[in-house]
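Structure file target_37.txt (compact mmCIF, C-alpha atoms) is printed below.
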# COMPACT_ATOMS: atom_id res chain seq x y z
CA MET P 17 10.17 31.77 -90.09
CA SER P 18 6.45 31.56 -90.88
CA LYS P 19 4.47 31.33 -94.10
CA VAL P 20 2.07 34.28 -93.99
CA LEU P 21 -0.92 35.36 -96.09
CA ILE P 22 -2.38 38.87 -95.98
CA THR P 23 -5.59 39.74 -97.82
CA GLY P 24 -5.74 43.44 -98.56
CA GLY P 25 -1.98 43.53 -98.13
CA THR P 26 -1.44 46.62 -100.28
CA GLY P 27 -4.12 48.74 -98.57
CA PHE P 28 -3.54 51.24 -95.78
CA ILE P 29 -2.86 49.05 -92.76
CA GLY P 30 -2.17 46.12 -95.07
CA LEU P 31 0.95 47.56 -96.70
CA HIS P 32 2.41 48.72 -93.39
CA LEU P 33 1.84 45.20 -92.03
CA SER P 34 3.22 43.62 -95.22
CA ARG P 35 6.40 45.70 -95.00
CA LYS P 36 6.97 44.74 -91.36
CA ILE P 37 6.44 41.02 -91.98
CA ALA P 38 8.60 41.06 -95.11
CA GLU P 39 11.40 42.87 -93.26
CA GLU P 40 11.28 40.18 -90.58
CA GLY P 41 12.10 37.62 -93.29
CA HIS P 42 8.88 35.61 -93.33
CA GLU P 43 7.58 34.00 -96.53
CA LEU P 44 4.81 36.43 -97.40
CA TYR P 45 1.91 36.11 -99.84
CA ILE P 46 -0.12 39.26 -100.50
CA VAL P 47 -3.63 38.95 -101.97
CA ASP P 48 -5.05 42.21 -103.31
CA ASN P 49 -6.98 43.69 -106.22
CA PHE P 50 -5.01 46.96 -106.10
CA ALA P 51 -8.09 49.12 -105.67
CA ARG P 52 -5.88 51.65 -103.85
CA GLU P 53 -2.71 52.67 -105.67
CA TYR P 54 -0.69 55.88 -105.69
CA SER P 55 1.12 57.33 -108.68
CA GLY P 56 4.79 56.33 -108.69
CA ASP P 57 4.26 54.18 -105.61
CA ALA P 58 7.83 53.49 -104.52
CA GLU P 59 6.70 52.21 -101.10
CA LEU P 60 4.52 49.54 -102.67
CA LYS P 61 7.20 48.61 -105.19
CA GLU P 62 9.79 48.21 -102.45
CA VAL P 63 7.61 45.66 -100.63
CA ILE P 64 6.31 43.56 -103.52
CA GLU P 65 9.70 43.28 -105.19
CA ARG P 66 11.34 41.61 -102.20
CA GLU P 67 12.47 38.03 -102.81
CA ASN P 68 10.39 36.66 -99.92
CA VAL P 69 7.15 38.28 -101.17
CA THR P 70 4.69 36.72 -103.62
CA LEU P 71 1.92 38.92 -105.01
CA VAL P 72 -1.43 37.35 -105.85
CA ARG P 73 -3.56 39.81 -107.79
CA GLY P 74 -7.24 38.95 -107.55
CA ASP P 75 -10.70 39.41 -106.06
CA ILE P 76 -11.50 37.66 -102.77
CA THR P 77 -15.14 37.32 -103.81
CA ASP P 78 -13.93 34.80 -106.42
CA PRO P 79 -13.60 31.39 -104.73
CA GLY P 80 -11.25 30.31 -107.52
CA LEU P 81 -8.66 32.73 -106.17
CA PHE P 82 -8.22 30.66 -103.01
CA VAL P 83 -8.20 27.32 -104.82
CA GLU P 84 -4.90 28.35 -106.42
CA LEU P 85 -3.24 29.02 -103.04
CA ASP P 86 -1.13 26.58 -101.04
CA ASN P 87 -2.55 24.85 -97.98
CA ASP P 88 0.43 25.12 -95.64
CA PHE P 89 0.18 28.65 -94.28
CA ASP P 90 0.99 29.36 -90.64
CA GLN P 91 -0.65 32.79 -90.34
CA VAL P 92 -3.50 34.49 -92.22
CA TYR P 93 -4.36 38.17 -91.77
CA HIS P 94 -7.75 38.97 -93.32
CA LEU P 95 -7.78 42.74 -93.91
CA ALA P 96 -9.38 43.03 -97.37
CA ALA P 97 -12.48 45.25 -97.47
CA ILE P 98 -13.96 48.29 -99.18
CA ASN P 99 -13.67 51.15 -96.69
CA GLY P 100 -14.55 54.84 -96.82
CA THR P 101 -17.84 56.41 -95.75
CA GLY P 102 -18.56 57.62 -99.28
CA ASN P 103 -18.40 54.06 -100.54
CA PHE P 104 -20.88 52.92 -97.89
CA TYR P 105 -23.49 55.19 -99.47
CA GLU P 106 -22.46 55.05 -103.13
CA ILE P 107 -21.70 51.32 -103.62
CA PRO P 108 -23.19 49.61 -100.55
CA ASP P 109 -23.87 46.38 -102.48
CA GLN P 110 -20.20 46.00 -103.34
CA VAL P 111 -19.09 46.93 -99.83
CA LEU P 112 -21.35 44.25 -98.33
CA ARG P 113 -20.47 41.67 -100.98
CA VAL P 114 -16.73 41.99 -100.41
CA GLY P 115 -17.18 42.08 -96.63
CA VAL P 116 -19.28 38.92 -96.41
CA LEU P 117 -18.47 36.79 -99.45
CA GLY P 118 -14.74 37.43 -99.16
CA THR P 119 -14.75 36.11 -95.59
CA LEU P 120 -16.85 33.06 -96.46
CA ASN P 121 -14.55 32.18 -99.37
CA LEU P 122 -11.54 32.52 -97.10
CA LEU P 123 -13.11 30.31 -94.43
CA GLU P 124 -13.97 27.61 -96.98
CA TRP P 125 -10.34 27.62 -98.11
CA LEU P 126 -9.11 27.53 -94.50
CA LYS P 127 -10.82 24.16 -94.10
CA THR P 128 -7.82 22.88 -96.08
CA ASN P 129 -5.45 24.92 -93.87
CA PRO P 130 -6.68 24.00 -90.38
CA GLN P 131 -3.25 24.64 -88.88
CA ALA P 132 -3.27 28.33 -89.86
CA LYS P 133 -4.13 31.00 -87.33
CA ILE P 134 -6.36 33.75 -88.71
CA VAL P 135 -6.64 37.30 -87.44
CA PHE P 136 -9.72 39.05 -88.82
CA SER P 137 -9.83 42.84 -88.92
CA SER P 138 -13.21 44.11 -87.80
CA SER P 139 -14.00 47.72 -86.97
CA SER P 140 -15.29 50.15 -84.36
CA GLU P 141 -18.05 50.92 -86.90
CA ALA P 142 -19.77 47.81 -85.51
CA TYR P 143 -20.68 49.80 -82.38
CA ALA P 144 -22.59 52.57 -84.20
CA GLY P 145 -26.03 51.04 -83.70
CA THR P 146 -25.41 50.30 -80.04
CA LEU P 147 -24.33 53.90 -79.51
CA SER P 148 -27.50 55.10 -81.23
CA LEU P 149 -29.63 52.81 -79.05
CA LEU P 150 -27.96 53.49 -75.70
CA GLY P 151 -27.15 57.17 -76.15
CA ASN P 152 -25.52 58.57 -73.02
CA ASP P 153 -25.52 55.09 -71.46
CA PHE P 154 -23.04 53.82 -74.08
CA PRO P 155 -19.79 53.06 -72.24
CA VAL P 156 -16.75 55.12 -73.25
CA PRO P 157 -14.00 53.89 -73.18
CA THR P 158 -15.78 50.99 -74.85
CA PRO P 159 -14.98 47.36 -73.90
CA GLU P 160 -15.10 44.48 -76.39
CA ASN P 161 -18.15 42.84 -74.79
CA VAL P 162 -20.63 45.61 -75.67
CA PRO P 163 -23.52 44.05 -77.67
CA LEU P 164 -23.58 44.85 -81.39
CA VAL P 165 -26.83 46.30 -82.74
CA ILE P 166 -28.04 47.31 -86.21
CA ASP P 167 -30.44 50.15 -85.54
CA ASP P 168 -31.62 50.83 -89.11
CA VAL P 169 -31.43 48.14 -91.80
CA ALA P 170 -32.43 50.70 -94.45
CA ASN P 171 -29.32 52.82 -93.85
CA PRO P 172 -26.66 51.90 -96.44
CA ARG P 173 -23.93 53.01 -94.06
CA TRP P 174 -24.43 49.59 -92.44
CA SER P 175 -23.06 47.90 -95.58
CA TYR P 176 -19.57 48.02 -94.05
CA ALA P 177 -20.24 47.37 -90.38
CA ALA P 178 -22.82 44.66 -91.08
CA GLY P 179 -20.26 42.88 -93.24
CA LYS P 180 -17.82 42.99 -90.34
CA MET P 181 -20.45 41.70 -87.92
CA VAL P 182 -21.49 38.83 -90.22
CA SER P 183 -17.83 37.92 -90.63
CA GLU P 184 -17.34 37.80 -86.86
CA VAL P 185 -20.35 35.46 -86.63
CA ALA P 186 -19.00 33.36 -89.52
CA LEU P 187 -15.64 32.86 -87.79
CA ASN P 188 -17.39 31.52 -84.72
CA CYS P 189 -19.72 29.32 -86.79
CA TYR P 190 -16.83 27.77 -88.74
CA ALA P 191 -14.98 27.22 -85.47
CA GLN P 192 -17.91 25.20 -84.13
CA ALA P 193 -18.76 23.38 -87.36
CA HIS P 194 -15.29 22.70 -88.75
CA GLY P 195 -12.90 23.03 -85.83
CA LEU P 196 -11.31 26.25 -87.12
CA THR P 197 -10.81 27.51 -83.59
CA ASN P 198 -7.41 29.12 -84.19
CA PHE P 199 -8.73 32.62 -84.84
CA SER P 200 -8.80 36.06 -83.26
CA ILE P 201 -10.88 39.14 -84.05
CA ILE P 202 -9.49 42.66 -83.84
CA ARG P 203 -11.54 45.84 -84.04
CA TYR P 204 -9.53 48.81 -85.27
CA HIS P 205 -10.30 52.22 -83.75
CA ASN P 206 -9.32 55.38 -85.66
CA VAL P 207 -6.00 54.15 -87.02
CA TYR P 208 -4.23 56.92 -88.95
CA GLY P 209 -0.99 57.41 -90.83
CA PRO P 210 0.55 57.70 -94.30
CA ARG P 211 -1.39 55.94 -97.07
CA MET P 212 -4.74 56.05 -95.27
CA GLY P 213 -6.43 57.64 -98.27
CA PHE P 214 -7.80 61.13 -98.61
CA LYS P 215 -11.33 60.90 -97.15
CA HIS P 216 -10.50 60.82 -93.45
CA VAL P 217 -10.23 63.62 -90.93
CA VAL P 218 -6.42 63.87 -90.73
CA PRO P 219 -5.64 63.95 -94.48
CA GLN P 220 -8.66 66.18 -95.10
CA MET P 221 -7.33 68.68 -92.57
CA ILE P 222 -3.86 68.51 -94.08
CA GLU P 223 -5.29 69.16 -97.56
CA ARG P 224 -7.06 72.28 -96.37
CA ILE P 225 -3.92 73.45 -94.57
CA VAL P 226 -1.83 72.96 -97.71
CA LYS P 227 -4.44 74.92 -99.69
CA LYS P 228 -4.37 77.65 -97.00
CA GLU P 229 -8.09 77.56 -96.30
CA PHE P 230 -8.01 79.98 -93.36
CA PRO P 231 -9.64 80.72 -91.00
CA PHE P 232 -9.74 76.97 -90.52
CA LYS P 233 -13.15 75.28 -90.40
CA VAL P 234 -13.47 72.39 -87.93
CA PHE P 235 -16.40 70.07 -88.62
CA GLY P 236 -17.74 68.40 -85.48
CA ALA P 237 -15.33 70.41 -83.32
CA ASP P 238 -16.74 69.12 -80.02
CA GLU P 239 -16.63 65.46 -81.05
CA SER P 240 -13.77 63.34 -79.73
CA ARG P 241 -11.73 60.42 -81.00
CA ALA P 242 -8.76 58.35 -79.83
CA PHE P 243 -6.21 58.12 -82.65
CA CYS P 244 -3.76 55.25 -83.03
CA TYR P 245 -0.75 55.59 -85.34
CA VAL P 246 -0.49 52.84 -87.94
CA ASP P 247 2.89 51.54 -86.73
CA ASP P 248 1.39 50.94 -83.28
CA ALA P 249 -1.64 49.28 -84.88
CA VAL P 250 0.65 46.93 -86.82
CA LYS P 251 2.58 46.09 -83.65
CA ALA P 252 -0.67 45.30 -81.83
CA THR P 253 -2.01 43.24 -84.74
CA GLN P 254 1.10 41.06 -84.78
CA LEU P 255 0.95 40.70 -81.01
CA VAL P 256 -2.57 39.27 -81.24
CA MET P 257 -1.48 36.90 -84.00
CA GLU P 258 1.59 35.62 -82.18
CA SER P 259 0.10 35.22 -78.70
CA ALA P 260 -1.14 31.76 -77.67
CA LYS P 261 -3.71 33.42 -75.39
CA THR P 262 -5.80 35.12 -78.07
CA CYS P 263 -7.66 32.30 -79.84
CA GLY P 264 -11.42 32.89 -79.95
CA GLU P 265 -11.00 36.34 -78.42
CA ILE P 266 -11.81 39.89 -79.56
CA TYR P 267 -9.32 42.72 -79.09
CA HIS P 268 -9.53 46.45 -79.63
CA ILE P 269 -6.64 47.90 -81.60
CA GLY P 270 -6.37 51.55 -80.74
CA LYS P 271 -5.26 54.05 -78.17
CA GLN P 272 -7.13 55.00 -75.02
CA GLU P 273 -6.40 58.74 -75.20
CA GLU P 274 -9.25 60.95 -76.36
CA ILE P 275 -8.84 64.28 -78.10
CA SER P 276 -11.49 66.63 -79.44
CA ILE P 277 -11.56 67.32 -83.17
CA GLU P 278 -11.02 70.99 -82.29
CA ALA P 279 -7.84 70.14 -80.37
CA LEU P 280 -6.70 67.86 -83.20
CA ALA P 281 -7.04 70.72 -85.66
CA LYS P 282 -5.11 73.04 -83.34
CA LYS P 283 -2.27 70.49 -83.12
CA LEU P 284 -2.03 70.20 -86.89
CA LEU P 285 -2.12 73.96 -87.34
CA LEU P 286 0.68 74.40 -84.81
CA ILE P 287 2.78 71.56 -86.26
CA THR P 288 2.53 73.09 -89.73
CA GLY P 289 3.16 76.66 -88.60
CA SER P 290 -0.28 77.76 -89.78
CA PRO P 291 -2.66 80.38 -88.35
CA THR P 292 -4.49 78.80 -85.42
CA ASP P 293 -7.83 80.60 -85.66
CA THR P 294 -10.69 78.09 -86.16
CA LEU P 295 -14.39 78.16 -86.96
CA ALA P 296 -16.63 75.44 -85.51
CA GLU P 297 -18.96 73.86 -88.10
CA ALA P 298 -21.66 71.18 -87.94
CA SER P 299 -20.56 67.57 -88.07
CA PHE P 300 -20.98 65.23 -91.04
CA GLN P 301 -23.96 62.88 -91.38
CA GLY P 302 -23.66 59.71 -89.31
CA SER P 303 -20.68 60.90 -87.28
CA VAL P 304 -20.66 59.78 -83.63
CA LYS P 305 -20.04 62.10 -80.68
CA ARG P 306 -17.32 60.07 -78.96
CA ARG P 307 -15.23 57.08 -79.88
CA CYS P 308 -12.58 55.66 -77.59
CA PRO P 309 -11.70 51.99 -77.08
CA ASP P 310 -10.95 50.25 -73.82
CA VAL P 311 -7.63 48.55 -74.61
CA THR P 312 -7.18 46.76 -71.27
CA LYS P 313 -7.27 43.30 -72.90
CA LEU P 314 -4.61 44.33 -75.41
CA GLU P 315 -2.39 45.77 -72.71
CA GLU P 316 -2.65 42.50 -70.79
CA LEU P 317 -0.79 40.92 -73.73
CA GLY P 318 2.07 43.37 -73.12
CA TYR P 319 1.06 46.02 -75.66
CA GLU P 320 2.20 49.61 -75.23
CA ALA P 321 1.82 52.36 -77.83
CA SER P 322 5.07 54.08 -78.74
CA VAL P 323 4.15 56.85 -81.21
CA SER P 324 2.76 60.08 -79.76
CA LEU P 325 -0.02 61.96 -81.52
CA ASP P 326 2.34 64.85 -82.35
CA GLU P 327 4.87 62.44 -83.90
CA GLY P 328 2.19 60.69 -85.92
CA LEU P 329 0.65 63.93 -87.19
CA ARG P 330 4.07 65.21 -88.28
CA ALA P 331 4.66 61.96 -90.20
CA CYS P 332 1.25 62.31 -91.86
CA TYR P 333 1.89 65.90 -92.85
CA ASP P 334 5.31 65.07 -94.30
CA TRP P 335 3.76 62.27 -96.40
CA TYR P 336 0.61 64.09 -97.55
CA LYS P 337 1.82 67.66 -98.08
CA ASN P 338 2.99 67.03 -101.65
CA LYS P 339 -0.01 64.86 -102.58
CA PHE P 340 -2.45 67.74 -103.10

Rewritten as C-alpha cells:
Amino acid sequence: MSKVLITGGTGFIGLHLSRKIAEEGHELYIVDNFAREYSGDAELKEVIERENVTLVRGDITDPGLFVELDNDFDQVYHLAAINGTGNFYEIPDQVLRVGVLGTLNLLEWLKTNPQAKIVFSSSSEAYAGTLSLLGNDFPVPTPENVPLVIDDVANPRWSYAAGKMVSEVALNCYAQAHGLTNFSIIRYHNVYGPRMGFKHVVPQMIERIVKKEFPFKVFGADESRAFCYVDDAVKATQLVMESAKTCGEIYHIGKQEEISIEALAKKLLLITGSPTDTLAEASFQGSVKRRCPDVTKLEELGYEASVSLDEGLRACYDWYKNKF
C-alpha cells in the first residue's frame, strides 16, 4: 500500500478520488480548506472518518502547512484550486494566488520528498487563448502539444488558466533545477458528476428542470463539448499516477465524444420525463464554440471510459434533484 497526499481532496474530483484511494486501503492524507461543503455532507463524513484517512485542514498558500507534513509520501495529487467562472471575474487575485503560490509551496516541500510522484491537475481552460488566436484552424479534437497562448492579459478570466500554465512551467523548472522529474500533468476536459457545484451546465440545467422552467432555454445551443463522468476521470487520473511511462508527460483526461449543448439538454429532458421543447439563446461571455480532447495518449496507457453519458446524467439528476 502507498502513502498518498491529495490537495483539494474534499473538492469535486478530489473527494471522488479520495474515496477511491481510501477504499483501496492506502494511507491517505487530505489537505483542504473546506471551501466547498454541503449541508449534512454524509459522503464527505464517510471518507474522512475512515481509519486510514488523515485530514489536514489548511491553506496551501501558507508554506507552514507543508512544513508540518511528513516527508515519506509515495504519491501526491495536486488538485487544490479555486474554480468557477464567476470566481475568475469576482476574485481573480485569489484565484491566481492559490493557483501559483500553492503549487510553488508544494514544490518547495517536495524537495524533501524527492521519491514522491506528483500528478498535477491542469485544465482545458489553458487552450482558450490559442483557440481565440487560431480560430477555425484550432485543432479539434485537441492534442496535448498545442501551444498555450494568453491572448489578453487584462481579462481576469485568465486568473485560473494562467495559474495552471505557470504551475506547468514550475513543475518543469523544478524538475531541471532540483531533480523532481517524477511528475505528470493532466488537463481535465469537462468532467461532470455529483458534487461538481451548481455553476456548471449540467447542474444548472437540472435546477431549471426541477423548477419547471419550460419551454426550456438552451444557452449556446450550437456549441459542443465532450463530457467525461467523474468516475472515469478518477480512473484515468490514477492510471497516469501508477504508470511508469508517464513521467514528464502531459495527458488529457476526458472523453473524445462531442455532443451539442442542444442535444445535451434534450437528453436531460428525456431522462427526467420533462417536456422536450427548447428555445435557443445566446451563449455566455467567454464560452468557446467547441471543446473536445484528443485522448490517444491516455488510451495508449490502456484507458477506456466505462460510464455512458446517459448513465452519468441520470446519476447527476438523482444527486442534484433534491438540492434545489

Checklist line | For Pro172 in chain P: contacts at 7 Å, all atoms listed in the file, fewer than 5 positions along chain excluded, given as a ChimeraX atom specification | finding: /P:104-105,108

Next item on the list: Considering only C-alpha atoms, return as an MDAnalysis selection string whatever protein or nucleic-acid residues lie within 9 Å of Ile277 in chain P, sequence-local ones (same chain, fewer than 5 positions apart) excluded.
Entry: chainID P and resid 217 234:241 282

Next item on the list: Kindly indicate which residue among P:Gln192, P:Thr101, P:Asn171, P:Thr253 lies nearest to Leu317 in chain P, using only C-alpha atoms for the distances.
Entry: P:Thr253

Could you produce a table of the residues of range 195-305 of chain P lying within 9 Å of range 139-152 of chain P, with the nearest pair of atoms per residue and their separation in Å rounded to one decimal, using all atoms listed in the file, ordered by chain and increasing residue number, as JSON lines?
{"residue": "P:Ile202", "atom": "CA", "partner": "P:Ser139", "partner_atom": "CA", "distance": 7.5}
{"residue": "P:Arg203", "atom": "CA", "partner": "P:Ser139", "partner_atom": "CA", "distance": 4.3}
{"residue": "P:Tyr204", "atom": "CA", "partner": "P:Ser139", "partner_atom": "CA", "distance": 4.9}
{"residue": "P:His205", "atom": "CA", "partner": "P:Ser140", "partner_atom": "CA", "distance": 5.4}
{"residue": "P:Asn206", "atom": "CA", "partner": "P:Ser140", "partner_atom": "CA", "distance": 8.0}
{"residue": "P:His268", "atom": "CA", "partner": "P:Ser140", "partner_atom": "CA", "distance": 8.3}
{"residue": "P:Gly302", "atom": "CA", "partner": "P:Ala144", "partner_atom": "CA", "distance": 8.8}
{"residue": "P:Val304", "atom": "CA", "partner": "P:Ala144", "partner_atom": "CA", "distance": 7.5}

Next item on the list: Tell me which of P:Asp247, P:Glu65, P:Glu273, P:Asp310 sits closest to Gly209 in chain P, counting all atoms listed in the file.
Entry: P:Asp247

Kindly complete range 234-269 of chain P to N, CA and C atoms; the output should be written as a compact mmCIF listing (two decimals), in the frame of the given file.
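Printed below is out22.txt as written:
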# COMPACT_ATOMS: atom_id res chain seq x y z
N VAL P 234 -13.58 73.68 -88.63
CA VAL P 234 -13.47 72.39 -87.93
C VAL P 234 -14.87 71.79 -87.85
N PHE P 235 -15.10 70.71 -88.58
CA PHE P 235 -16.40 70.07 -88.62
C PHE P 235 -16.52 69.07 -87.46
N GLY P 236 -17.58 69.25 -86.66
CA GLY P 236 -17.74 68.40 -85.48
C GLY P 236 -16.68 68.70 -84.43
N ALA P 237 -16.45 69.99 -84.18
CA ALA P 237 -15.33 70.41 -83.32
C ALA P 237 -15.40 69.82 -81.93
N ASP P 238 -16.61 69.62 -81.39
CA ASP P 238 -16.74 69.12 -80.02
C ASP P 238 -16.79 67.60 -79.94
N GLU P 239 -16.71 66.91 -81.07
CA GLU P 239 -16.63 65.46 -81.05
C GLU P 239 -15.23 65.04 -80.63
N SER P 240 -15.09 63.81 -80.16
CA SER P 240 -13.77 63.34 -79.73
C SER P 240 -13.48 61.95 -80.29
N ARG P 241 -12.21 61.71 -80.51
CA ARG P 241 -11.73 60.42 -81.00
C ARG P 241 -10.44 60.07 -80.25
N ALA P 242 -10.03 58.81 -80.39
CA ALA P 242 -8.76 58.35 -79.83
C ALA P 242 -7.96 57.77 -81.00
N PHE P 243 -6.93 58.48 -81.42
CA PHE P 243 -6.21 58.12 -82.65
C PHE P 243 -5.01 57.24 -82.35
N CYS P 244 -4.86 56.21 -83.18
CA CYS P 244 -3.76 55.25 -83.03
C CYS P 244 -2.91 55.27 -84.30
N TYR P 245 -1.63 55.55 -84.18
CA TYR P 245 -0.75 55.59 -85.34
C TYR P 245 -0.58 54.20 -85.92
N VAL P 246 -0.47 54.13 -87.24
CA VAL P 246 -0.49 52.84 -87.94
C VAL P 246 0.63 51.91 -87.49
N ASP P 247 1.80 52.42 -87.18
CA ASP P 247 2.89 51.54 -86.73
C ASP P 247 2.53 50.85 -85.42
N ASP P 248 1.85 51.56 -84.52
CA ASP P 248 1.39 50.94 -83.28
C ASP P 248 0.29 49.92 -83.56
N ALA P 249 -0.59 50.22 -84.52
CA ALA P 249 -1.64 49.28 -84.88
C ALA P 249 -1.06 47.99 -85.44
N VAL P 250 -0.02 48.11 -86.26
CA VAL P 250 0.65 46.93 -86.82
C VAL P 250 1.27 46.11 -85.70
N LYS P 251 1.95 46.78 -84.78
CA LYS P 251 2.58 46.09 -83.65
C LYS P 251 1.53 45.31 -82.84
N ALA P 252 0.39 45.94 -82.59
CA ALA P 252 -0.67 45.30 -81.83
C ALA P 252 -1.28 44.12 -82.60
N THR P 253 -1.44 44.30 -83.91
CA THR P 253 -2.01 43.24 -84.74
C THR P 253 -1.13 42.00 -84.71
N GLN P 254 0.17 42.19 -84.84
CA GLN P 254 1.10 41.06 -84.78
C GLN P 254 1.12 40.42 -83.39
N LEU P 255 0.97 41.23 -82.37
CA LEU P 255 0.95 40.70 -81.01
C LEU P 255 -0.23 39.76 -80.81
N VAL P 256 -1.40 40.14 -81.33
CA VAL P 256 -2.57 39.27 -81.24
C VAL P 256 -2.35 37.98 -82.02
N MET P 257 -1.76 38.08 -83.19
CA MET P 257 -1.48 36.90 -84.00
C MET P 257 -0.54 35.94 -83.28
N GLU P 258 0.51 36.46 -82.69
CA GLU P 258 1.59 35.62 -82.18
C GLU P 258 1.35 35.11 -80.76
N SER P 259 0.36 35.66 -80.06
CA SER P 259 0.10 35.22 -78.70
C SER P 259 -0.74 33.94 -78.70
N ALA P 260 -0.38 33.01 -77.82
CA ALA P 260 -1.14 31.76 -77.67
C ALA P 260 -2.41 31.98 -76.86
N LYS P 261 -2.57 33.16 -76.28
CA LYS P 261 -3.71 33.42 -75.39
C LYS P 261 -4.93 33.98 -76.12
N THR P 262 -4.80 34.29 -77.41
CA THR P 262 -5.80 35.12 -78.07
C THR P 262 -6.84 34.37 -78.89
N CYS P 263 -6.74 33.05 -78.99
CA CYS P 263 -7.66 32.30 -79.84
C CYS P 263 -9.10 32.43 -79.35
N GLY P 264 -10.01 32.74 -80.27
CA GLY P 264 -11.42 32.89 -79.95
C GLY P 264 -11.76 34.19 -79.26
N GLU P 265 -10.80 35.09 -79.15
CA GLU P 265 -11.00 36.34 -78.42
C GLU P 265 -11.11 37.54 -79.36
N ILE P 266 -11.68 38.62 -78.84
CA ILE P 266 -11.81 39.89 -79.56
C ILE P 266 -10.94 40.93 -78.86
N TYR P 267 -10.20 41.70 -79.65
CA TYR P 267 -9.32 42.72 -79.09
C TYR P 267 -9.51 44.05 -79.82
N HIS P 268 -9.55 45.11 -79.04
CA HIS P 268 -9.53 46.45 -79.63
C HIS P 268 -8.09 46.82 -79.98
N ILE P 269 -7.91 47.34 -81.19
CA ILE P 269 -6.64 47.90 -81.60
C ILE P 269 -6.82 49.40 -81.68
